[in-house]
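Visitor: For reference, this is target_26.pdb, and it has PDB, C-alpha atoms.
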ATOM      1  CA  MET A 235       6.948  -4.296  27.181
ATOM      2  CA  CYS A 236       6.686  -0.887  25.591
ATOM      3  CA  THR A 237       9.399   1.277  27.048
ATOM      4  CA  TYR A 238       9.383   5.020  27.069
ATOM      5  CA  LEU A 239      13.152   5.096  27.510
ATOM      6  CA  THR A 240      14.359   7.385  24.773
ATOM      7  CA  THR A 241      17.562   9.384  24.514
ATOM      8  CA  THR A 242      17.905  12.034  21.850
ATOM      9  CA  GLU A 243      21.389  13.260  20.972
ATOM     10  CA  GLN A 244      22.221  16.184  18.719
ATOM     11  CA  VAL A 245      24.896  14.892  16.336
ATOM     12  CA  GLU A 246      26.734  15.963  13.203
ATOM     13  CA  GLY A 247      27.213  13.580  10.331
ATOM     14  CA  THR A 248      25.734  12.179   7.166
ATOM     15  CA  GLY A 249      23.597   9.160   6.462
ATOM     16  CA  LEU A 250      22.860   7.209   3.332
ATOM     17  CA  GLY A 251      19.138   6.833   2.762
ATOM     18  CA  ALA A 252      17.020   5.554  -0.109
ATOM     19  CA  ARG A 253      17.504   8.826  -2.018
ATOM     20  CA  GLY A 254      21.182   9.337  -1.333
ATOM     21  CA  TRP A 255      23.214  11.020   1.348
ATOM     22  CA  PHE A 256      21.688  13.551   3.701
ATOM     23  CA  PRO A 257      22.892  15.443   6.767
ATOM     24  CA  ILE A 258      22.155  13.874  10.139
ATOM     25  CA  THR A 259      21.460  16.143  13.080
ATOM     26  CA  GLN A 260      19.756  13.834  15.548
ATOM     27  CA  ALA A 261      20.273  10.311  16.907
ATOM     28  CA  VAL A 262      17.303   8.878  18.801
ATOM     29  CA  VAL A 263      18.229   5.838  20.886
ATOM     30  CA  TYR A 264      15.682   3.536  22.524
ATOM     31  CA  PHE A 265      15.105  -0.043  23.596
ATOM     32  CA  ASP A 266      11.697  -1.302  22.536
ATOM     33  CA  HIS A 267       9.732  -3.396  20.071
ATOM     34  CA  PRO A 268      11.497  -3.170  16.736
ATOM     35  CA  GLN A 269       9.627  -2.499  13.515
ATOM     36  CA  GLU A 270      11.266  -5.348  11.649
ATOM     37  CA  ALA A 271      13.935  -7.308  13.553
ATOM     38  CA  LYS A 272      12.753 -10.727  14.657
ATOM     39  CA  VAL A 273      13.451 -10.206  18.328
ATOM     40  CA  GLU A 274      10.929  -9.137  20.942
ATOM     41  CA  HIS A 275      12.987  -6.100  21.904
ATOM     42  CA  ALA A 276      15.839  -4.322  20.211
ATOM     43  CA  LEU A 277      18.220  -1.459  20.737
ATOM     44  CA  CYS A 278      16.996   0.935  18.072
ATOM     45  CA  ILE A 279      18.703   4.020  16.703
ATOM     46  CA  ASP A 280      17.021   6.459  14.358
ATOM     47  CA  PHE A 281      19.578   8.747  12.712
ATOM     48  CA  ARG A 282      17.400  11.611  11.554
ATOM     49  CA  ALA A 283      17.847  14.713   9.461
ATOM     50  CA  GLY A 284      15.606  16.476  11.949
ATOM     51  CA  GLY A 285      14.115  18.660   9.253
ATOM     52  CA  GLY A 286      10.748  18.519   7.587
ATOM     53  CA  ASP A 287      10.980  15.144   5.874
ATOM     54  CA  PRO A 288      10.365  12.260   8.321
ATOM     55  CA  SER A 289      11.554   9.719   5.741
ATOM     56  CA  GLU A 290      15.066  11.173   5.908
ATOM     57  CA  ARG A 291      16.311   8.741   8.490
ATOM     58  CA  VAL A 292      18.585   5.756   8.775
ATOM     59  CA  SER A 293      17.375   3.221  11.305
ATOM     60  CA  VAL A 294      19.023   0.209  12.875
ATOM     61  CA  GLU A 295      17.517  -2.402  15.185
ATOM     62  CA  LEU A 296      20.050  -4.545  17.049
ATOM     63  CA  ASP A 297      19.652  -7.282  19.615
ATOM     64  CA  ALA A 298      21.067  -6.267  22.983
ATOM     65  CA  HIS A 299      24.315  -8.221  22.633
ATOM     66  CA  SER A 300      25.006  -6.802  19.181
ATOM     67  CA  ALA A 301      24.298  -3.290  20.389
ATOM     68  CA  ARG A 302      26.700  -3.622  23.295
ATOM     69  CA  THR A 303      29.378  -5.104  21.027
ATOM     70  CA  LEU A 304      28.930  -2.231  18.578
ATOM     71  CA  ALA A 305      29.097   0.400  21.317
ATOM     72  CA  GLU A 306      32.299  -1.123  22.685
ATOM     73  CA  SER A 307      33.743  -1.280  19.196
ATOM     74  CA  ILE A 308      32.994   2.393  18.588
ATOM     75  CA  LEU A 309      34.575   3.421  21.885
ATOM     76  CA  ALA A 310      37.605   1.203  21.272
ATOM     77  CA  THR A 311      38.085   2.684  17.818
ATOM     78  CA  LEU A 312      37.898   6.231  19.126
ATOM     79  CA  ALA A 313      40.350   5.362  21.897
ATOM     80  CA  HIS A 314      42.929   3.907  19.491
ATOM     81  CA  ASP A 315      46.292   5.697  19.481
ATOM     82  CA  GLU A 316      46.076   6.428  15.759
ATOM     83  CA  VAL A 317      42.738   8.150  16.222
ATOM     84  CA  ARG A 318      43.757  10.013  19.370
ATOM     85  CA  ALA A 319      46.861  11.282  17.557
ATOM     86  CA  LEU A 320      44.589  13.065  15.114
ATOM     87  CA  GLY A 321      43.373  15.296  17.922
ATOM     88  CA  VAL A 322      39.821  15.386  16.610
ATOM     89  CA  GLU A 323      38.061  15.387  19.994
TER      90      GLU A 323
ATOM     91  CA  MET B 288     -26.792 -15.932   4.089
ATOM     92  CA  PRO B 289     -25.072 -13.905   6.829
ATOM     93  CA  SER B 290     -24.810 -10.135   6.415
ATOM     94  CA  ASP B 291     -21.075  -9.866   6.883
ATOM     95  CA  ARG B 292     -19.970  -7.413   4.200
ATOM     96  CA  ILE B 293     -17.625  -4.702   5.456
ATOM     97  CA  GLU B 294     -15.969  -1.582   4.109
ATOM     98  CA  ALA B 295     -12.686  -0.141   5.280
ATOM     99  CA  GLY B 296     -10.431   2.748   4.444
ATOM    100  CA  THR B 297      -8.726   5.969   5.412
ATOM    101  CA  ILE B 298     -10.802   8.889   6.665
ATOM    102  CA  THR B 299     -10.229  12.301   8.214
ATOM    103  CA  LEU B 300     -11.081  12.535  11.903
ATOM    104  CA  ARG B 301     -11.504  15.637  14.015
ATOM    105  CA  SER B 302     -10.085  15.683  17.501
ATOM    106  CA  ASP B 303     -12.160  17.151  20.313
ATOM    107  CA  LYS B 304     -10.201  20.368  19.758
ATOM    108  CA  GLY B 305     -11.007  20.395  16.046
ATOM    109  CA  ASP B 306      -7.605  19.285  14.739
ATOM    110  CA  GLU B 307      -7.750  17.144  11.625
ATOM    111  CA  ILE B 308      -5.957  13.818  11.839
ATOM    112  CA  GLU B 309      -5.927  10.656   9.772
ATOM    113  CA  GLY B 310      -7.943   7.634  10.793
ATOM    114  CA  TYR B 311      -8.853   4.190   9.518
ATOM    115  CA  HIS B 312     -12.514   3.195   9.603
ATOM    116  CA  ALA B 313     -13.795  -0.340   9.152
ATOM    117  CA  PHE B 314     -17.509  -0.962   9.440
ATOM    118  CA  PRO B 315     -20.271  -3.416   8.521
ATOM    119  CA  LEU B 316     -22.278  -2.433   5.466
ATOM    120  CA  GLU B 317     -25.583  -3.698   6.791
ATOM    121  CA  ALA B 318     -27.077  -0.896   8.869
ATOM    122  CA  GLU B 319     -28.371  -2.873  11.812
ATOM    123  CA  PRO B 320     -27.719  -1.053  15.087
ATOM    124  CA  HIS B 321     -24.134  -1.720  16.064
ATOM    125  CA  GLY B 322     -21.626  -0.683  18.676
ATOM    126  CA  GLY B 323     -18.401   1.164  17.960
ATOM    127  CA  VAL B 324     -14.814   0.418  18.930
ATOM    128  CA  VAL B 325     -11.862   2.796  18.983
ATOM    129  CA  VAL B 326      -8.667   0.817  18.408
ATOM    130  CA  ILE B 327      -5.578   2.550  19.812
ATOM    131  CA  HIS B 328      -2.391   1.555  18.027
ATOM    132  CA  HIS B 329       0.840   0.595  19.746
ATOM    133  CA  MET B 330       4.062   2.616  19.933
ATOM    134  CA  PRO B 331       5.565   0.989  16.810
ATOM    135  CA  GLY B 332       2.926   2.844  14.904
ATOM    136  CA  TYR B 333      -0.363   3.231  13.113
ATOM    137  CA  ASP B 334       0.353   0.156  11.079
ATOM    138  CA  TRP B 335      -1.033  -2.621   8.966
ATOM    139  CA  SER B 336      -1.569  -5.005  11.871
ATOM    140  CA  THR B 337      -3.610  -2.430  13.810
ATOM    141  CA  LYS B 338      -5.772  -1.779  10.760
ATOM    142  CA  GLU B 339      -6.306  -5.518  10.494
ATOM    143  CA  ILE B 340      -7.636  -5.517  14.041
ATOM    144  CA  ALA B 341     -10.156  -2.830  13.025
ATOM    145  CA  ARG B 342     -11.284  -5.009  10.116
ATOM    146  CA  ARG B 343     -11.652  -7.935  12.488
ATOM    147  CA  PHE B 344     -14.041  -5.884  14.629
ATOM    148  CA  ALA B 345     -15.988  -4.828  11.549
ATOM    149  CA  SER B 346     -16.335  -8.461  10.483
ATOM    150  CA  ARG B 347     -17.955  -9.090  13.866
ATOM    151  CA  GLY B 348     -20.488  -6.302  13.363
ATOM    152  CA  TYR B 349     -18.745  -3.373  15.075
ATOM    153  CA  SER B 350     -17.869  -0.041  13.538
ATOM    154  CA  ALA B 351     -14.186   0.391  14.351
ATOM    155  CA  VAL B 352     -11.871   3.335  13.941
ATOM    156  CA  VAL B 353      -8.125   3.697  14.482
ATOM    157  CA  PRO B 354      -7.045   7.307  15.068
ATOM    158  CA  ASN B 355      -3.504   7.915  13.864
ATOM    159  CA  LEU B 356      -2.047   9.375  17.040
ATOM    160  CA  PHE B 357       1.241  10.072  15.217
ATOM    161  CA  TYR B 358      -0.320  11.952  12.309
ATOM    162  CA  ARG B 359       0.662  15.428  13.513
ATOM    163  CA  TYR B 360       4.340  14.469  13.657
ATOM    164  CA  ALA B 361       4.600  13.299  10.049
ATOM    165  CA  PRO B 362       1.482  13.785   7.891
ATOM    166  CA  GLY B 363       1.441  11.366   4.997
ATOM    167  CA  ALA B 364       4.583   9.517   6.113
ATOM    168  CA  SER B 365       4.914   5.758   6.469
ATOM    169  CA  SER B 366       3.891   4.334   9.830
ATOM    170  CA  GLY B 367       7.533   3.625  10.713
ATOM    171  CA  ASP B 368       8.713   7.140   9.847
ATOM    172  CA  ALA B 369       5.822   8.668  11.773
ATOM    173  CA  ALA B 370       6.555   6.503  14.811
ATOM    174  CA  ALA B 371      10.192   7.606  14.719
ATOM    175  CA  ALA B 372       9.181  11.260  14.430
ATOM    176  CA  ALA B 373       6.741  10.945  17.335
ATOM    177  CA  ARG B 374       9.344   9.295  19.531
ATOM    178  CA  ALA B 375      11.913  11.945  18.669
ATOM    179  CA  ALA B 376       9.398  14.584  19.734
ATOM    180  CA  GLY B 377       8.979  12.984  23.166
ATOM    181  CA  GLY B 378       5.926  10.883  22.396
ATOM    182  CA  VAL B 379       2.222  11.652  22.298
ATOM    183  CA  PRO B 380       1.103  13.881  25.189
ATOM    184  CA  ASP B 381      -1.703  12.343  27.237
ATOM    185  CA  ALA B 382      -3.910  15.419  26.786
ATOM    186  CA  GLN B 383      -3.581  15.198  23.010
ATOM    187  CA  CYS B 384      -4.355  11.470  23.049
ATOM    188  CA  ILE B 385      -7.570  12.108  24.999
ATOM    189  CA  GLU B 386      -8.587  14.752  22.449
ATOM    190  CA  ASP B 387      -7.918  12.465  19.490
ATOM    191  CA  VAL B 388      -9.653   9.439  20.965
ATOM    192  CA  GLY B 389     -12.508  11.684  22.093
ATOM    193  CA  GLY B 390     -12.933  12.795  18.493
ATOM    194  CA  ALA B 391     -12.958   9.178  17.351
ATOM    195  CA  VAL B 392     -15.651   8.322  19.921
ATOM    196  CA  LYS B 393     -17.847  11.162  18.635
ATOM    197  CA  PHE B 394     -17.229  10.072  15.050
ATOM    198  CA  LEU B 395     -18.440   6.549  15.826
ATOM    199  CA  ARG B 396     -21.538   7.757  17.647
ATOM    200  CA  SER B 397     -22.445   9.959  14.669
ATOM    201  CA  GLN B 398     -22.361   7.134  12.131
ATOM    202  CA  LYS B 399     -25.404   5.652  10.460
ATOM    203  CA  GLY B 400     -26.482   2.533  12.333
ATOM    204  CA  ALA B 401     -24.580   3.426  15.521
ATOM    205  CA  ASN B 402     -26.323   2.288  18.693
ATOM    206  CA  GLY B 403     -24.513   4.900  20.771
ATOM    207  CA  LYS B 404     -22.303   2.433  22.628
ATOM    208  CA  VAL B 405     -18.570   2.834  22.108
ATOM    209  CA  GLY B 406     -15.700   0.845  23.563
ATOM    210  CA  VAL B 407     -11.962   1.444  23.489
ATOM    211  CA  ILE B 408      -9.232  -1.155  23.082
ATOM    212  CA  GLY B 409      -5.476  -0.677  22.927
ATOM    213  CA  TYR B 410      -2.308  -2.691  22.846
ATOM    214  CA  CYS B 411       1.052  -2.071  24.558
ATOM    215  CA  SER B 412       1.360   1.732  24.924
ATOM    216  CA  GLY B 413      -2.179   1.813  23.519
ATOM    217  CA  GLY B 414      -3.240  -0.276  26.499
ATOM    218  CA  ARG B 415      -2.013   2.457  28.800
ATOM    219  CA  GLN B 416      -3.787   5.040  26.643
ATOM    220  CA  THR B 417      -6.973   2.956  26.836
ATOM    221  CA  TYR B 418      -6.845   3.105  30.627
ATOM    222  CA  LEU B 419      -6.164   6.854  30.354
ATOM    223  CA  CYS B 420      -9.113   7.461  28.022
ATOM    224  CA  ALA B 421     -11.487   5.277  30.033
ATOM    225  CA  CYS B 422     -10.796   7.560  33.005
ATOM    226  CA  ASN B 423     -11.259  10.768  31.002
ATOM    227  CA  LEU B 424     -13.876  10.104  28.307
ATOM    228  CA  ASP B 425     -17.492   9.012  28.212
ATOM    229  CA  VAL B 426     -17.107   5.464  26.874
ATOM    230  CA  ASP B 427     -19.020   2.266  27.591
ATOM    231  CA  ALA B 428     -16.273  -0.359  27.857
ATOM    232  CA  ALA B 429     -12.485  -0.543  27.822
ATOM    233  CA  VAL B 430     -10.087  -3.376  27.002
ATOM    234  CA  VAL B 431      -6.510  -2.970  28.176
ATOM    235  CA  CYS B 432      -4.125  -5.356  26.450
ATOM    236  CA  TYR B 433      -0.820  -5.497  28.365
ATOM    237  CA  GLY B 434      -0.678  -1.756  28.907
ATOM    238  CA  GLY B 435       2.761  -0.886  30.236
ATOM    239  CA  GLY B 436       3.421   2.246  32.245
ATOM    240  CA  ILE B 437      -0.016   2.472  33.888
ATOM    241  CA  VAL B 438       1.812   2.043  37.171
ATOM    242  CA  ALA B 439       4.526   4.704  37.063
ATOM    243  CA  THR B 440       7.064   6.005  39.527
ATOM    244  CA  PRO B 441       7.609   9.773  39.857
ATOM    245  CA  ASP B 442      10.835   9.610  37.843
ATOM    246  CA  GLN B 443       8.892   8.103  34.917
ATOM    247  CA  LEU B 444       6.557  11.095  34.669
ATOM    248  CA  THR B 445       7.268  13.614  31.929
ATOM    249  CA  PRO B 446       5.687  16.832  30.645
ATOM    250  CA  GLU B 447       3.884  14.692  28.047
ATOM    251  CA  ARG B 448       2.737  12.146  30.652
ATOM    252  CA  PRO B 449       2.541  14.177  33.864
ATOM    253  CA  VAL B 450       0.254  11.934  35.959
ATOM    254  CA  ALA B 451       0.490   8.196  36.613
ATOM    255  CA  VAL B 452      -2.556   6.697  34.944
ATOM    256  CA  ILE B 453      -3.214   4.376  37.878
ATOM    257  CA  ASP B 454      -3.867   7.484  39.960
ATOM    258  CA  MET B 455      -6.826   8.309  37.677
ATOM    259  CA  THR B 456      -8.640   5.076  38.570
ATOM    260  CA  LYS B 457     -11.248   6.803  40.723
ATOM    261  CA  ASP B 458     -12.513   8.512  37.545
ATOM    262  CA  LEU B 459     -12.907   5.297  35.521
ATOM    263  CA  ARG B 460     -16.297   5.533  33.833
ATOM    264  CA  CYS B 461     -16.891   2.075  32.395
ATOM    265  CA  PRO B 462     -16.285  -1.643  32.898
ATOM    266  CA  MET B 463     -12.739  -2.731  32.116
ATOM    267  CA  LEU B 464     -11.302  -5.947  30.729
ATOM    268  CA  GLY B 465      -7.569  -6.461  31.224
ATOM    269  CA  LEU B 466      -5.543  -9.082  29.336
ATOM    270  CA  PHE B 467      -1.974  -9.732  30.419
ATOM    271  CA  GLY B 468       0.940 -12.132  29.986
ATOM    272  CA  ALA B 469       2.405 -13.773  33.067
ATOM    273  CA  GLU B 470       5.918 -13.371  31.640
ATOM    274  CA  ASP B 471       5.578  -9.673  30.863
ATOM    275  CA  ALA B 472       7.922  -7.192  32.539
ATOM    276  CA  SER B 473       5.803  -4.108  31.860
ATOM    277  CA  PRO B 474       3.184  -4.588  33.087
ATOM    278  CA  SER B 475       4.631  -7.213  35.394
ATOM    279  CA  PRO B 476       2.329  -9.420  37.486
ATOM    280  CA  GLU B 477       3.106  -7.020  40.369
ATOM    281  CA  HIS B 478       1.927  -4.061  38.290
ATOM    282  CA  VAL B 479      -1.259  -5.944  37.390
ATOM    283  CA  ALA B 480      -1.858  -6.713  41.073
ATOM    284  CA  ARG B 481      -1.497  -3.010  41.882
ATOM    285  CA  MET B 482      -4.025  -2.115  39.190
ATOM    286  CA  GLU B 483      -6.454  -4.660  40.576
ATOM    287  CA  ALA B 484      -6.032  -3.350  44.109
ATOM    288  CA  GLU B 485      -6.731   0.188  42.924
ATOM    289  CA  LEU B 486      -9.794  -0.882  40.922
ATOM    290  CA  GLN B 487     -11.137  -2.744  43.952
ATOM    291  CA  ARG B 488     -10.423   0.190  46.261
ATOM    292  CA  HIS B 489     -12.612   2.395  44.057
ATOM    293  CA  HIS B 490     -15.301  -0.289  43.592
ATOM    294  CA  LYS B 491     -14.879  -0.414  39.819
ATOM    295  CA  THR B 492     -16.255  -3.152  37.571
ATOM    296  CA  TYR B 493     -13.420  -5.066  35.944
ATOM    297  CA  GLU B 494     -12.156  -8.500  34.978
ATOM    298  CA  PHE B 495      -8.493  -9.330  34.495
ATOM    299  CA  HIS B 496      -7.030 -12.411  32.874
ATOM    300  CA  THR B 497      -3.341 -13.302  32.931
ATOM    301  CA  TYR B 498      -2.085 -15.987  30.575
ATOM    302  CA  GLU B 499       0.741 -18.364  31.390
ATOM    303  CA  ASN B 500       3.466 -18.916  28.781
ATOM    304  CA  ALA B 501       2.783 -15.481  27.351
ATOM    305  CA  GLY B 502       4.641 -12.222  27.694
ATOM    306  CA  HIS B 503       4.099  -8.828  26.165
ATOM    307  CA  ALA B 504       2.391  -8.404  22.784
ATOM    308  CA  PHE B 505       1.001 -11.945  22.633
ATOM    309  CA  PHE B 506      -1.727 -10.790  20.215
ATOM    310  CA  TRP B 507       0.787  -9.478  17.656
ATOM    311  CA  VAL B 508       0.566 -12.120  14.952
ATOM    312  CA  GLU B 509       3.680 -11.250  12.954
ATOM    313  CA  ARG B 510       6.075 -11.094  15.897
ATOM    314  CA  PRO B 511       8.003 -13.697  17.915
ATOM    315  CA  SER B 512       5.948 -12.600  20.930
ATOM    316  CA  TYR B 513       2.757 -14.083  19.442
ATOM    317  CA  ARG B 514       1.211 -16.812  21.595
ATOM    318  CA  GLU B 515      -1.579 -18.656  19.853
ATOM    319  CA  GLU B 516      -3.364 -20.007  22.936
ATOM    320  CA  ALA B 517      -3.356 -16.717  24.833
ATOM    321  CA  ALA B 518      -4.436 -14.803  21.738
ATOM    322  CA  ARG B 519      -7.284 -17.193  20.982
ATOM    323  CA  GLU B 520      -8.570 -17.111  24.562
ATOM    324  CA  GLY B 521      -8.059 -13.357  24.727
ATOM    325  CA  TRP B 522     -10.119 -12.738  21.613
ATOM    326  CA  GLN B 523     -12.914 -14.854  23.074
ATOM    327  CA  ARG B 524     -12.894 -12.694  26.215
ATOM    328  CA  ILE B 525     -13.021  -9.563  24.066
ATOM    329  CA  TRP B 526     -16.020 -10.811  22.072
ATOM    330  CA  GLU B 527     -17.859 -11.694  25.278
ATOM    331  CA  PHE B 528     -16.996  -8.406  26.971
ATOM    332  CA  PHE B 529     -17.902  -6.108  24.092
ATOM    333  CA  GLY B 530     -20.914  -8.309  23.301
ATOM    334  CA  LYS B 531     -22.197  -7.619  26.787
ATOM    335  CA  HIS B 532     -21.359  -3.934  27.117
ATOM    336  CA  LEU B 533     -21.746  -2.593  23.580
ATOM    337  CA  ALA B 534     -25.006  -4.304  22.671
ATOM    338  CA  SER B 535     -28.039  -2.171  21.824
TER     339      SER B 535
END
Would you mind writing the structure in this file as structure tokens?

Guide:
Amino acid sequence: MCTYLTTTEQVEGTGLGARGWFPITQAVVYFDHPQEAKVEHALCIDFRAGGGDPSERVSVELDAHSARTLAESILATLAHDEVRALGVE
Amino acid sequence: MPSDRIEAGTITLRSDKGDEIEGYHAFPLEAEPHGGVVVIHHMPGYDWSTKEIARRFASRGYSAVVPNLFYRYAPGASSGDAAAAARAAGGVPDAQCIEDVGGAVKFLRSQKGANGKVGVIGYCSGGRQTYLCACNLDVDAAVVCYGGGIVATPDQLTPERPVAVIDMTKDLRCPMLGLFGAEDASPSPEHVARMEAELQRHHKTYEFHTYENAGHAFFWVERPSYREEAAREGWQRIWEFFGKHLAS
């Protein structure tokens, strides 16, 4: 299936692309046919600069289980006492 | 010897509104009267495999063109980058798609050797856009390959896609061939049944085929979704359908 389910988040960060690091302002999350991964559907994230150059992006395509594991890992890391003690959020 | 030489390459197309977009044109070199086919690419992009489909049509004597529906979002970018840019922008608006495909239809009818008959075929999201265009453009035949989202609930409508395509069925202007996988979730067999019911209600000419052991994207050769038997039978249906409706 082609899904139209797309979530776009405004984010702050940097990504490493083919020409070096660049600022990331946008994360586009969707579940659909991947460009490359050998699964029928993948959780895809395009980290984009959001400026004029469409090639300034870092993309990942993960199978559903991997994506869920990654999401849980991110949340667990952010919830860790050492991170919370930094008071960054 | 058969006259099967073809030529293929990138061209500039004009949408119905006059916008310039990129396109890929594949056509037979012998100028016998021939039909035209607009090939609508899938959401992953205006890519190599879609261009190969255009060349396949050309090798069968059709003049085929693929309008790059993502061109405006990233001119000159790779197909993957352009697809990502289009998705980030909310996707291609239906009105813009109709304008671009309308321009491609006019392009084909203006070509040397054109017999005036033009069909549209699309895959995945392009299948939905084929249904959309067949209800809004003057074309002679339409082939919907597992178009998802034709049946849409109100919460699935967006500013870019404000009307459920199935609700346009009364305006369908040409015969339709639909090719589906029994294991597909979008369109599911229930969605296909709803399309059929709507086509029957409006007395439209159509034929639908649903293949067992196939899901979505069974024509896509490079992907795990490829199903040889469904693809082979599907192509045969396409040749028969276009042979009947796009002949001189």

Visitor: State, in Å with one decimal place, the distance from CA of Gly413 in chain B to CA of Val431 in chain B.

Guide: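 Interatomic distance here is 8.0 Å.
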
Visitor: Using all atoms listed in the file, which residues of chain A come within 7 Å of chain B, and what is the closest atom pair for each, with the distance in Å to one decimal? Give it as CSV, sorted by chain and residue number.

Guide:
residue,atom,partner,partner_atom,distance
A:Met235,CA,B:Ser473,CA,4.8
A:Cys236,CA,B:Cys411,CA,5.8
A:Thr242,CA,B:Ala375,CA,6.8
A:Val262,CA,B:Ala375,CA,6.2
A:His267,CA,B:Pro331,CA,6.9
A:Gln269,CA,B:Pro331,CA,6.3
A:Lys272,CA,B:Pro511,CA,6.5
A:Val273,CA,B:Pro511,CA,6.5
A:Glu274,CA,B:Ser512,CA,6.1
A:Asp280,CA,B:Ala371,CA,6.9
A:Pro288,CA,B:Asp368,CA,5.6
A:Ser289,CA,B:Asp368,CA,5.6

Visitor: Excluding Pro268 in chain A and residues on its chain fewer than 6 positions from it, collect all residues at most 9 Å away from it, counting all atoms listed in the file, and give them as a ChimeraX atom specification.

Guide: /A:274-278,295-296 /B:331

Visitor: Around range 411-420 of chain B, with edges along x, y and z and 3 Å added on all six sides, what centre and edge lengths do you get, in Å to one decimal, as AutoDock Vina command-line options?

Guide:
--center_x -3.9 --center_y 2.7 --center_z 27.1 --size_x 16.5 --size_y 15.5 --size_z 13.1

Visitor: Grab the CA of Thr440 in chain B to CA of Phe265 in chain A distance for me, in Å with one decimal place.

Guide: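 Here the two named atoms are 18.8 Å from each other.
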
Visitor: Just say which residues the PyMOL selection byres ((chain B and resi 322) around 8) picks in this file, as a PyMOL selection string.

Guide: chain B and resi 320-321+323-324+348-350+401-406+533-535

Visitor: If you count all atoms listed in the file, which residues fall within 10 Å of Lys304 in chain B, apart from same-chain ones fewer than 6 positions away, as a list in words?

Guide: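 Residues meeting the cut-off are Gln383, Glu386, Asp387, Gly389 and Gly390 of chain B.
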
Visitor: So which residues fall inside 7 Å of (-8.5, 7.3, 13.4) if we count only C-alpha atoms? Mind giving them as a PyMOL selection string?

Guide: chain B and resi 300+309-312+352-355+391

Visitor: Hey, what comes out of the PyMOL selection byres ((chain B and resi 489) around 12) on this file? Could you write it as a short mmCIF file (atom, residue, chain, number, x, y, z; two decimals) with C-alpha atoms, keeping the file's coordinate frame?

Guide:
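Result written to expr-v5.cif:
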data_model
loop_
_atom_site.label_atom_id
_atom_site.label_comp_id
_atom_site.auth_asym_id
_atom_site.auth_seq_id
_atom_site.Cartn_x
_atom_site.Cartn_y
_atom_site.Cartn_z
CA ILE B 453 -3.21 4.38 37.88
CA ASP B 454 -3.87 7.48 39.96
CA MET B 455 -6.83 8.31 37.68
CA THR B 456 -8.64 5.08 38.57
CA LYS B 457 -11.25 6.80 40.72
CA ASP B 458 -12.51 8.51 37.54
CA LEU B 459 -12.91 5.30 35.52
CA ARG B 460 -16.30 5.53 33.83
CA MET B 482 -4.03 -2.12 39.19
CA GLU B 483 -6.45 -4.66 40.58
CA ALA B 484 -6.03 -3.35 44.11
CA GLU B 485 -6.73 0.19 42.92
CA LEU B 486 -9.79 -0.88 40.92
CA GLN B 487 -11.14 -2.74 43.95
CA ARG B 488 -10.42 0.19 46.26
CA HIS B 490 -15.30 -0.29 43.59
CA LYS B 491 -14.88 -0.41 39.82
CA THR B 492 -16.26 -3.15 37.57
CA TYR B 493 -13.42 -5.07 35.94
#

Visitor: May I ask for the distance between CA of Asp291 in chain B and CA of Arg342 in chain B, given in Å to one decimal place?

Guide: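 Between these atoms lies a distance of 11.4 Å.
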
Visitor: Considering only C-alpha atoms, can you say which of B:Leu356, B:Ile408, B:Leu395, B:Ala295 comes closest to Phe529 in chain B?

Guide: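 When distances to Phe529 in chain B are compared using only C-alpha atoms, the smallest one comes from B:Ile408.
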
Visitor: Using the chain letters and numbering of this document, enumerate as a PDB file with C-alpha atoms, keeping the file's coordinate frame the residues selected by the PyMOL selection byres ((chain B and resi 519-527) around 10).

Guide:
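Contents of expr.pdb, freshly written:
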ATOM      1  CA  PHE B 344     -14.041  -5.884  14.629  1.00  0.00           C
ATOM      2  CA  ARG B 347     -17.955  -9.090  13.866  1.00  0.00           C
ATOM      3  CA  ILE B 408      -9.232  -1.155  23.082  1.00  0.00           C
ATOM      4  CA  ALA B 429     -12.485  -0.543  27.822  1.00  0.00           C
ATOM      5  CA  VAL B 430     -10.087  -3.376  27.002  1.00  0.00           C
ATOM      6  CA  CYS B 432      -4.125  -5.356  26.450  1.00  0.00           C
ATOM      7  CA  LEU B 464     -11.302  -5.947  30.729  1.00  0.00           C
ATOM      8  CA  GLY B 465      -7.569  -6.461  31.224  1.00  0.00           C
ATOM      9  CA  LEU B 466      -5.543  -9.082  29.336  1.00  0.00           C
ATOM     10  CA  PHE B 467      -1.974  -9.732  30.419  1.00  0.00           C
ATOM     11  CA  GLU B 494     -12.156  -8.500  34.978  1.00  0.00           C
ATOM     12  CA  PHE B 495      -8.493  -9.330  34.495  1.00  0.00           C
ATOM     13  CA  HIS B 496      -7.030 -12.411  32.874  1.00  0.00           C
ATOM     14  CA  THR B 497      -3.341 -13.302  32.931  1.00  0.00           C
ATOM     15  CA  TYR B 498      -2.085 -15.987  30.575  1.00  0.00           C
ATOM     16  CA  PHE B 505       1.001 -11.945  22.633  1.00  0.00           C
ATOM     17  CA  PHE B 506      -1.727 -10.790  20.215  1.00  0.00           C
ATOM     18  CA  ARG B 514       1.211 -16.812  21.595  1.00  0.00           C
ATOM     19  CA  GLU B 515      -1.579 -18.656  19.853  1.00  0.00           C
ATOM     20  CA  GLU B 516      -3.364 -20.007  22.936  1.00  0.00           C
ATOM     21  CA  ALA B 517      -3.356 -16.717  24.833  1.00  0.00           C
ATOM     22  CA  ALA B 518      -4.436 -14.803  21.738  1.00  0.00           C
ATOM     23  CA  PHE B 528     -16.996  -8.406  26.971  1.00  0.00           C
ATOM     24  CA  PHE B 529     -17.902  -6.108  24.092  1.00  0.00           C
ATOM     25  CA  GLY B 530     -20.914  -8.309  23.301  1.00  0.00           C
ATOM     26  CA  LYS B 531     -22.197  -7.619  26.787  1.00  0.00           C
ATOM     27  CA  HIS B 532     -21.359  -3.934  27.117  1.00  0.00           C
TER      28      HIS B 532
END
